[in-house]
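Participant: I'd like to ask you about the structure that follows.
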Amino acid sequence: MQEVENKNNLNTLFDVQTIPKDTQLREIVDQVKSENLRPVFNDYFERLRRGKHLEPYQILPGQYLCAIDGVYHHSSDNVHCDQCLTRKHKNGTVTYHHGVLQGAFMHPDKKQIIPVMPEPIANADGHQKQDCEINAAKRFIKKLKTDHPRLGIIVTGDGLFSKGPMIGEVLAQKMHFLFVAKPADHKYMMDWIAAFDRLPQVVSTDLKGRHHKYTYVNQVPLNAKDDAPLVNYIHYELSNEAGKVTYRNSWVTDIEVNDANVVRLAKGGRCRWKIENECFNTLKNQGYCLAHNYGHGKQNLSHNMYLLTLLAFFYHQIFELSDPAYQLCRRSLVSKKDLWERFRVLIQYFIFDSWHDLMLKLMINRGGIAFLSKM
């Protein structure tokens, strides 16, 4: 790191006066309670809301779409703790891993996603039964409502969640749901729907000649139980110019479906993949090094390193929504990984008084890097 007249980029860019060695840093992070980071997520989310940056994320008037999914960030055949999940193999070996149930607000037309504080998928002290994604999701839903009590939320997720207990938990927290409903998982419901002579449809053709067909029906039982929740069903098919179906999917929701909102709801259900691609894939492959082993620790290190990595990603999403200099850098360098590498090189050789100065000096101008001021 460059140092000039007792100045260096740790001081000027990060406001860090001293930094411990790797081992000491891991010991400190290991002792920090993970829940202490929740207010950080909530504070920056609230700043986005107050700054009106979240208004374009409304999928329906006053309603915001929060996708949930599980991801695993630590795996080892040797290093483990009491909170580790275990997977026993046929050859007698055991794999230990940590994971989280992650949530993120998103919109079909917005590239940026807004992550929130995740819920660890981890074995609790004294519990014999192993934790799972569903149980973590139920805990996550309660905390999400506590963190954002006045926000209208539609929770979306894959077919794992379109079951009675999970739907009941979402409704109990006075939120809406939009879950994938695979026909093979809901045979009773599909038989009920098949009994209708005709279902409402919305059909359209886009500029590429593709055909979009949305079919829906309201108030059908999710399963054959006496206390089965009544849900509203949406089916979507995409066909090419020749009429061949190239994509299909279906969802259940508690929101009454009609001709005016069925397209928007289906788009909301489809954009659930963003949590896989825009979040998890970015964290793994675009320079955030989610899969890197920073150490397991004895208490909270593994989970805290995931949270710190997620916060870095969160800040960059905020910059993409609100900071003109950062936006210009992102337009110049599409790959985030490439952008981080160029930042890293500049920081090694030059002292910058602020991040704004650094970003203004790094722009792509056809022939290469253009510096807007002399160094």
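Chain labels follow the order of the structure tokens: the first chain is A, the next B, and so on; residue numbering restarts at 1 in every chain, and ligands are counted from 1 in their shown order.
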Fewer than 4 positions away in the same chain doesn't count, so skip those; otherwise give me all residues within 10 Å of range 86-89 of chain A, counting only C-alpha atoms, as JSON, numbers by chain.
Facilitator: {"A": [75, 76, 77, 80, 93, 94, 95, 96, 97, 98, 122, 123, 130, 131]}
Participant: Need the shell around Asp323 in chain A: protein/DNA/RNA residues with any atom at most 12 Å away, counting only C-alpha atoms. Skip same-chain ones fewer than 5 positions apart. Format as a PyMOL selection string?
Facilitator: chain A and resi 53+315-318+328-330+355-356+359-360
Participant: Find, counting only C-alpha atoms, the residue in A:Asn285, A:Asn304, A:Thr253, A:Gln102 that gets nearest to Lys163 in chain A.
Facilitator: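 Ranking A:Asn285, A:Asn304, A:Thr253, A:Gln102 by distance to Lys163 in chain A, first place goes to A:Thr253.
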Participant: Can you check which residues of range 170-361 of chain A DSSP gives as strand (DSSP E or B) on the backbone and send them as JSON, numbers by chain?
Facilitator: {"A": [176, 177, 178, 179, 180, 201, 202, 203, 204, 205, 211, 212, 213, 214, 215, 216, 217, 218, 219, 220, 221, 230, 231, 232, 233, 234, 235, 236, 237, 238, 239, 245, 246, 247, 248, 249, 250, 251, 252, 253]}
Participant: Emit the selected residues as a tab-separated table (two decimals), in the first residue's frame, including N, CA and C atoms.
Facilitator:
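Output contents, as saved in again25.tsv:
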chain	number	residue	atom	x	y	z
A	176	HIS	N	-47.70	-11.05	1.95
A	176	HIS	CA	-48.23	-11.83	0.84
A	176	HIS	C	-47.19	-12.84	0.39
A	177	PHE	N	-47.62	-13.85	-0.39
A	177	PHE	CA	-46.69	-14.84	-0.94
A	177	PHE	C	-46.92	-15.03	-2.42
A	178	LEU	N	-45.86	-15.44	-3.10
A	178	LEU	CA	-45.90	-15.77	-4.53
A	178	LEU	C	-44.86	-16.87	-4.74
A	179	PHE	N	-45.28	-18.13	-4.57
A	179	PHE	CA	-44.37	-19.25	-4.58
A	179	PHE	C	-44.57	-20.12	-5.83
A	180	VAL	N	-43.47	-20.65	-6.33
A	180	VAL	CA	-43.54	-21.60	-7.44
A	180	VAL	C	-44.37	-22.80	-7.00
A	201	GLN	N	-57.79	-16.13	-19.36
A	201	GLN	CA	-56.50	-16.09	-20.01
A	201	GLN	C	-56.16	-14.67	-20.46
A	202	VAL	N	-54.88	-14.38	-20.47
A	202	VAL	CA	-54.36	-13.16	-21.08
A	202	VAL	C	-53.27	-13.60	-22.05
A	203	VAL	N	-53.40	-13.22	-23.32
A	203	VAL	CA	-52.47	-13.66	-24.35
A	203	VAL	C	-51.90	-12.43	-25.05
A	204	SER	N	-50.59	-12.46	-25.31
A	204	SER	CA	-49.94	-11.35	-26.02
A	204	SER	C	-48.79	-11.87	-26.86
A	205	THR	N	-48.37	-11.05	-27.83
A	205	THR	CA	-47.24	-11.36	-28.70
A	205	THR	C	-46.25	-10.21	-28.63
A	211	HIS	N	-44.96	-15.71	-28.18
A	211	HIS	CA	-46.32	-15.67	-27.65
A	211	HIS	C	-46.29	-15.92	-26.14
A	212	HIS	N	-47.00	-15.08	-25.38
A	212	HIS	CA	-47.07	-15.19	-23.93
A	212	HIS	C	-48.52	-15.49	-23.55
A	213	LYS	N	-48.71	-16.57	-22.81
A	213	LYS	CA	-50.06	-16.94	-22.38
A	213	LYS	C	-50.09	-17.09	-20.87
A	214	TYR	N	-50.98	-16.32	-20.24
A	214	TYR	CA	-51.15	-16.33	-18.79
A	214	TYR	C	-52.55	-16.87	-18.48
A	215	THR	N	-52.58	-17.94	-17.69
A	215	THR	CA	-53.85	-18.54	-17.27
A	215	THR	C	-53.94	-18.48	-15.75
A	216	TYR	N	-55.13	-18.21	-15.23
A	216	TYR	CA	-55.24	-18.10	-13.78
A	216	TYR	C	-56.61	-18.54	-13.29
A	217	VAL	N	-56.67	-18.83	-11.99
A	217	VAL	CA	-57.93	-19.14	-11.33
A	217	VAL	C	-57.77	-18.81	-9.85
A	218	ASN	N	-58.81	-18.28	-9.24
A	218	ASN	CA	-58.76	-17.88	-7.83
A	218	ASN	C	-59.48	-18.88	-6.93
A	219	GLN	N	-59.03	-18.90	-5.69
A	219	GLN	CA	-59.70	-19.65	-4.62
A	219	GLN	C	-59.82	-21.16	-4.91
A	220	VAL	N	-58.65	-21.80	-5.01
A	220	VAL	CA	-58.60	-23.25	-5.14
A	220	VAL	C	-57.83	-23.81	-3.95
A	221	PRO	N	-58.17	-25.00	-3.46
A	221	PRO	CA	-57.48	-25.57	-2.29
A	221	PRO	C	-56.07	-26.03	-2.65
A	230	LEU	N	-56.79	-21.70	0.82
A	230	LEU	CA	-57.25	-21.40	-0.53
A	230	LEU	C	-56.25	-20.45	-1.17
A	231	VAL	N	-55.81	-20.79	-2.36
A	231	VAL	CA	-54.78	-20.00	-3.05
A	231	VAL	C	-55.27	-19.62	-4.44
A	232	ASN	N	-54.58	-18.69	-5.02
A	232	ASN	CA	-54.87	-18.25	-6.38
A	232	ASN	C	-53.72	-18.71	-7.28
A	233	TYR	N	-54.08	-19.34	-8.37
A	233	TYR	CA	-53.11	-20.07	-9.21
A	233	TYR	C	-52.85	-19.31	-10.51
A	234	ILE	N	-51.56	-19.25	-10.91
A	234	ILE	CA	-51.15	-18.62	-12.17
A	234	ILE	C	-50.29	-19.60	-12.95
A	235	HIS	N	-50.60	-19.74	-14.24
A	235	HIS	CA	-49.77	-20.56	-15.12
A	235	HIS	C	-49.32	-19.69	-16.29
A	236	TYR	N	-48.04	-19.82	-16.65
A	236	TYR	CA	-47.47	-19.01	-17.74
A	236	TYR	C	-46.76	-19.90	-18.75
A	237	GLU	N	-46.96	-19.61	-20.03
A	237	GLU	CA	-46.27	-20.33	-21.11
A	237	GLU	C	-45.69	-19.33	-22.09
A	238	LEU	N	-44.46	-19.59	-22.52
A	238	LEU	CA	-43.79	-18.79	-23.55
A	238	LEU	C	-43.55	-19.68	-24.75
A	239	SER	N	-44.00	-19.23	-25.92
A	239	SER	CA	-43.85	-20.02	-27.15
A	239	SER	C	-43.10	-19.19	-28.19
A	245	VAL	N	-43.62	-24.44	-27.27
A	245	VAL	CA	-43.44	-23.93	-25.91
A	245	VAL	C	-41.97	-24.06	-25.50
A	246	THR	N	-41.35	-22.93	-25.14
A	246	THR	CA	-39.94	-22.92	-24.74
A	246	THR	C	-39.75	-22.71	-23.23
A	247	TYR	N	-40.80	-22.27	-22.56
A	247	TYR	CA	-40.72	-22.07	-21.11
A	247	TYR	C	-42.12	-22.11	-20.53
A	248	ARG	N	-42.23	-22.71	-19.36
A	248	ARG	CA	-43.51	-22.68	-18.63
A	248	ARG	C	-43.23	-22.72	-17.14
A	249	ASN	N	-44.12	-22.11	-16.38
A	249	ASN	CA	-43.98	-22.12	-14.93
A	249	ASN	C	-45.33	-21.79	-14.33
A	250	SER	N	-45.49	-22.04	-13.04
A	250	SER	CA	-46.74	-21.76	-12.36
A	250	SER	C	-46.47	-21.37	-10.92
A	251	TRP	N	-47.39	-20.58	-10.37
A	251	TRP	CA	-47.22	-20.05	-9.02
A	251	TRP	C	-48.55	-20.06	-8.28
A	252	VAL	N	-48.48	-20.01	-6.95
A	252	VAL	CA	-49.66	-19.78	-6.13
A	252	VAL	C	-49.42	-18.52	-5.31
A	253	THR	N	-50.50	-17.79	-5.05
A	253	THR	CA	-50.42	-16.54	-4.30
A	253	THR	C	-51.72	-16.32	-3.54
Participant: Within 12 Å of Phe140 in chain A, counting only C-alpha atoms, which residues qualify if same-chain residues fewer than 2 places away don't, as a PyMOL selection string?
Facilitator: chain A and resi 66-70+100-104+116-121+133-138+142-147+155+166+169-170+173
Participant: With C-alpha atoms retained, could you export that selection as a short mmCIF file (atom, residue, chain, number, x, y, z; two decimals), in the first residue's frame?
Facilitator:
data_model
loop_
_atom_site.label_atom_id
_atom_site.label_comp_id
_atom_site.auth_asym_id
_atom_site.auth_seq_id
_atom_site.Cartn_x
_atom_site.Cartn_y
_atom_site.Cartn_z
CA CYS A 66 -38.60 -10.16 -1.49
CA ALA A 67 -37.12 -13.38 -2.88
CA ILE A 68 -35.76 -16.02 -0.51
CA ASP A 69 -33.38 -18.91 -1.11
CA GLY A 70 -30.71 -20.91 0.65
CA VAL A 100 -27.96 -19.14 5.26
CA LEU A 101 -31.51 -18.43 4.16
CA GLN A 102 -30.97 -15.23 2.20
CA GLY A 103 -33.60 -12.65 1.29
CA ALA A 104 -33.33 -9.81 -1.23
CA VAL A 116 -31.35 -7.99 3.83
CA MET A 117 -29.99 -9.65 6.95
CA PRO A 118 -30.02 -13.43 6.32
CA GLU A 119 -30.98 -16.20 8.72
CA PRO A 120 -28.31 -18.83 9.41
CA ILE A 121 -29.15 -22.45 8.63
CA GLU A 133 -34.02 -24.32 4.85
CA ILE A 134 -37.74 -24.37 5.68
CA ASN A 135 -37.22 -23.79 9.41
CA ALA A 136 -34.71 -21.04 8.68
CA ALA A 137 -37.21 -19.45 6.29
CA LYS A 138 -39.89 -19.36 9.00
CA LYS A 142 -40.69 -13.24 11.46
CA LYS A 143 -37.51 -11.16 11.66
CA LEU A 144 -38.17 -9.55 8.27
CA LYS A 145 -41.54 -8.33 9.54
CA THR A 146 -39.95 -7.02 12.73
CA ASP A 147 -37.25 -5.18 10.76
CA VAL A 155 -42.38 -13.11 -0.36
CA MET A 166 -44.83 -21.88 5.14
CA GLU A 169 -46.35 -18.35 8.48
CA VAL A 170 -46.23 -15.68 5.77
CA GLN A 173 -46.97 -12.03 9.57
#
Participant: Here is a test: counting only C-alpha atoms, which residue of A:Thr23, A:Ser322, A:Ala172, A:Asp259 is nearest to Lys52 in chain A?
Facilitator: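 That would be A:Ser322, the residue with the smallest distance to Lys52 in chain A.
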Participant: Here is a test: counting only C-alpha atoms, which residue of A:Met189, A:Val29, A:Leu171, A:Ala181 is nearest to Leu301 in chain A?
Facilitator: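 Result for the nearest residue to Leu301 in chain A: A:Val29.
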Participant: For a test of reading the model, state the distance in Å between CA of Asp353 in chain A and CA of Leu48 in chain A, rounded to one decimal.
Facilitator: 25.9 Å
Participant: What is the CA of Leu290 in chain A-CA of His73 in chain A distance in Å, reported with one decimal?
Facilitator: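 That distance, rounded to one decimal, is 6.5 Å.
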Participant: Give the answer as one residue: which of A:Asn240, A:Pro115, A:Leu54, A:Tyr72 has the shortest atom-to-atom distance to Phe314 in chain A, using only C-alpha atoms?
Facilitator: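 That would be A:Pro115, the residue with the smallest distance to Phe314 in chain A.
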Participant: What gap, in Å, lies between CA of Ile113 in chain A and CA of Phe319 in chain A?
Facilitator: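 Distance reported for this atom pair: 11.8 Å.
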Participant: Which residues in range 133-257 of chain A does DSSP call helix (DSSP H, G or I)? List them as a ChimeraX atom specification.
Facilitator: /A:133-147,159-161,164-172,183-185,187-194
Participant: At a cut-off of 12 Å, using only C-alpha atoms, what residues contact Gly287 in chain A? Leave out same-chain residues fewer than 5 positions from it and give the result as a PyMOL selection string.
Facilitator: chain A and resi 280-282+292+309+312-313+335-344
Participant: Keeping only N, CA and C atoms, take the residues you just selected and write them out as a compact mmCIF listing (two decimals), in the first residue's frame.
Facilitator:
# COMPACT_ATOMS: atom_id res chain seq x y z
N PHE A 280 -26.07 -14.65 -5.50
CA PHE A 280 -25.16 -15.75 -5.18
C PHE A 280 -24.06 -15.92 -6.23
N ASN A 281 -24.43 -15.89 -7.51
CA ASN A 281 -23.43 -16.07 -8.56
C ASN A 281 -22.42 -14.91 -8.55
N THR A 282 -22.91 -13.71 -8.31
CA THR A 282 -22.01 -12.55 -8.23
C THR A 282 -21.05 -12.70 -7.05
N HIS A 292 -14.25 -18.62 -0.76
CA HIS A 292 -12.93 -18.65 -0.12
C HIS A 292 -13.07 -18.97 1.37
N THR A 309 -19.04 -9.99 3.74
CA THR A 309 -19.00 -10.06 2.28
C THR A 309 -20.31 -9.56 1.68
N ALA A 312 -20.51 -5.78 1.79
CA ALA A 312 -19.74 -5.16 0.71
C ALA A 312 -20.57 -5.14 -0.58
N PHE A 313 -21.21 -6.26 -0.87
CA PHE A 313 -22.09 -6.35 -2.05
C PHE A 313 -23.25 -5.36 -1.92
N SER A 335 -17.65 -5.87 -16.11
CA SER A 335 -17.29 -6.91 -15.15
C SER A 335 -16.89 -6.30 -13.82
N LYS A 336 -17.59 -6.69 -12.76
CA LYS A 336 -17.23 -6.20 -11.44
C LYS A 336 -15.84 -6.68 -11.05
N LYS A 337 -15.53 -7.91 -11.39
CA LYS A 337 -14.23 -8.46 -11.03
C LYS A 337 -13.11 -7.64 -11.65
N ASP A 338 -13.29 -7.22 -12.91
CA ASP A 338 -12.30 -6.40 -13.58
C ASP A 338 -12.19 -5.03 -12.91
N LEU A 339 -13.33 -4.48 -12.50
CA LEU A 339 -13.32 -3.19 -11.82
C LEU A 339 -12.54 -3.27 -10.52
N TRP A 340 -12.77 -4.34 -9.72
CA TRP A 340 -12.05 -4.48 -8.45
C TRP A 340 -10.54 -4.57 -8.69
N GLU A 341 -10.14 -5.30 -9.74
CA GLU A 341 -8.72 -5.47 -10.02
C GLU A 341 -8.08 -4.13 -10.37
N ARG A 342 -8.77 -3.32 -11.16
CA ARG A 342 -8.22 -2.02 -11.54
C ARG A 342 -8.15 -1.07 -10.35
N PHE A 343 -9.16 -1.11 -9.48
CA PHE A 343 -9.09 -0.34 -8.25
C PHE A 343 -7.88 -0.77 -7.42
N ARG A 344 -7.68 -2.08 -7.34
CA ARG A 344 -6.60 -2.62 -6.51
C ARG A 344 -5.24 -2.16 -7.02
Participant: Neighbouring residues of range 148-150 of chain A were defined as those with any atom within 10 Å, considering only C-alpha atoms; residues of the same chain fewer than 5 positions away were excluded. Please report them as JSON, numbers by chain.
Facilitator: {"A": [42, 45, 46, 143, 173, 174, 175]}
Participant: Restricted to C-alpha atoms, what would the selected residues look like written as a PDB file, in the first residue's frame?
Facilitator:
ATOM      1  CA  ASN A  42     -31.644  -2.069   8.380  1.00  0.00           C
ATOM      2  CA  PHE A  45     -32.196  -0.093   3.746  1.00  0.00           C
ATOM      3  CA  GLU A  46     -33.992   2.768   5.503  1.00  0.00           C
ATOM      4  CA  LYS A 143     -37.512 -11.161  11.662  1.00  0.00           C
ATOM      5  CA  GLN A 173     -46.966 -12.025   9.573  1.00  0.00           C
ATOM      6  CA  LYS A 174     -49.460 -10.077   7.411  1.00  0.00           C
ATOM      7  CA  MET A 175     -47.371 -10.429   4.269  1.00  0.00           C
TER       8      MET A 175
END
Participant: Pick out the closest residue to His303 in chain A from this set: A:Leu10, A:Ala242, A:Val32, A:Leu25. Count only C-alpha atoms.
Facilitator: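 Among the listed residues, the smallest separation from His303 in chain A belongs to A:Val32.
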Participant: Between A:Asn223, A:Ile59, A:Gly168, A:Leu333, which is the closest to Asp254 in chain A once you count only C-alpha atoms?
Facilitator: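 Of the candidates, the smallest distance to Asp254 in chain A is held by A:Gly168.
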